[in-house]
Amino acid sequence: MKKTPLPDLVKRLGQGAVAKALGVSAPAIAKALGAGREIYVTEHGDGTFTAEELRPFPSQAARSQAA
């Protein structure tokens, strides 16, 4: 297993290939990249990919709703 930041994987494989591997649309990948989201993609030995996002806790949205 190897974790790769989303922008690095897109540079290596292309936006369309990453989107297909993760089961999302290419515009969803573009939006995540444009927003600067901290997403890491894990490449598994069987050729599948999973992704996870690191976010602050509590999130900014939770703080603004509580105020």
# chains A, B, ... in the order shown; residues from 1 in each chain; ligands from 1
>>> closest_atom_pairs(of="stretch 32-60 of chain A", to="stretch 2-19 of chain A", cutoff="6 Å", atoms="only C-alpha atoms", output="Markdown table")
| residue | atom | partner | partner_atom | distance |
| --- | --- | --- | --- | --- |
| A:Ile39 | CA | A:Leu6 | CA | 5.6 |
| A:Tyr40 | CA | A:Pro5 | CA | 4.4 |
| A:Val41 | CA | A:Thr4 | CA | 5.2 |
| A:Thr42 | CA | A:Lys3 | CA | 4.3 |
| A:Glu43 | CA | A:Lys2 | CA | 5.4 |
>>> write_last_selection(atoms="all heavy atoms", output="PDB file, in the first residue's frame")
ATOM      1  N   ILE A  39      -6.363  15.487   0.360  1.00  0.00           N
ATOM      2  CA  ILE A  39      -6.839  14.133   0.084  1.00  0.00           C
ATOM      3  C   ILE A  39      -5.640  13.255  -0.266  1.00  0.00           C
ATOM      4  O   ILE A  39      -4.788  13.643  -1.072  1.00  0.00           O
ATOM      5  CB  ILE A  39      -7.867  14.138  -1.065  1.00  0.00           C
ATOM      6  CG1 ILE A  39      -9.086  14.981  -0.662  1.00  0.00           C
ATOM      7  CG2 ILE A  39      -8.275  12.720  -1.453  1.00  0.00           C
ATOM      8  CD1 ILE A  39     -10.082  15.231  -1.755  1.00  0.00           C
ATOM      9  N   TYR A  40      -5.609  12.088   0.343  1.00  0.00           N
ATOM     10  CA  TYR A  40      -4.553  11.108   0.081  1.00  0.00           C
ATOM     11  C   TYR A  40      -5.195   9.865  -0.510  1.00  0.00           C
ATOM     12  O   TYR A  40      -6.225   9.396  -0.029  1.00  0.00           O
ATOM     13  CB  TYR A  40      -3.806  10.751   1.365  1.00  0.00           C
ATOM     14  CG  TYR A  40      -2.997  11.918   1.873  1.00  0.00           C
ATOM     15  CD1 TYR A  40      -3.556  12.857   2.725  1.00  0.00           C
ATOM     16  CD2 TYR A  40      -1.689  12.091   1.457  1.00  0.00           C
ATOM     17  CE1 TYR A  40      -2.827  13.951   3.164  1.00  0.00           C
ATOM     18  CE2 TYR A  40      -0.950  13.183   1.898  1.00  0.00           C
ATOM     19  CZ  TYR A  40      -1.522  14.105   2.746  1.00  0.00           C
ATOM     20  OH  TYR A  40      -0.794  15.180   3.164  1.00  0.00           O
ATOM     21  N   VAL A  41      -4.584   9.348  -1.566  1.00  0.00           N
ATOM     22  CA  VAL A  41      -5.097   8.176  -2.248  1.00  0.00           C
ATOM     23  C   VAL A  41      -4.170   6.999  -1.954  1.00  0.00           C
ATOM     24  O   VAL A  41      -2.949   7.114  -2.078  1.00  0.00           O
ATOM     25  CB  VAL A  41      -5.197   8.407  -3.773  1.00  0.00           C
ATOM     26  CG1 VAL A  41      -5.767   7.181  -4.467  1.00  0.00           C
ATOM     27  CG2 VAL A  41      -6.056   9.633  -4.066  1.00  0.00           C
ATOM     28  N   THR A  42      -4.767   5.875  -1.544  1.00  0.00           N
ATOM     29  CA  THR A  42      -4.007   4.662  -1.281  1.00  0.00           C
ATOM     30  C   THR A  42      -4.149   3.727  -2.465  1.00  0.00           C
ATOM     31  O   THR A  42      -5.261   3.415  -2.890  1.00  0.00           O
ATOM     32  CB  THR A  42      -4.506   3.958  -0.002  1.00  0.00           C
ATOM     33  OG1 THR A  42      -4.395   4.874   1.086  1.00  0.00           O
ATOM     34  CG2 THR A  42      -3.690   2.719   0.299  1.00  0.00           C
ATOM     35  N   GLU A  43      -3.009   3.309  -2.995  1.00  0.00           N
ATOM     36  CA  GLU A  43      -2.976   2.332  -4.076  1.00  0.00           C
ATOM     37  C   GLU A  43      -2.761   0.964  -3.435  1.00  0.00           C
ATOM     38  O   GLU A  43      -1.744   0.728  -2.803  1.00  0.00           O
ATOM     39  CB  GLU A  43      -1.832   2.633  -5.035  1.00  0.00           C
ATOM     40  CG  GLU A  43      -1.914   4.012  -5.658  1.00  0.00           C
ATOM     41  CD  GLU A  43      -0.714   4.334  -6.510  1.00  0.00           C
ATOM     42  OE1 GLU A  43      -0.471   3.605  -7.505  1.00  0.00           O
ATOM     43  OE2 GLU A  43       0.003   5.293  -6.174  1.00  0.00           O
TER      44      GLU A  43
END
>>> select_by_dssp(residues="chain A", states="strand (DSSP E)", output="list in words")
Lys2, Lys3, Thr4, Pro5, Ile39, Tyr40, Val41, Thr42, Glu43, Phe49, Thr50, Ala51, Glu52 and Glu53 of chain A
>>> atom_distance(atom1="atom CA of A:Arg55", atom2="atom CA of A:Ala28")
17.7 Å
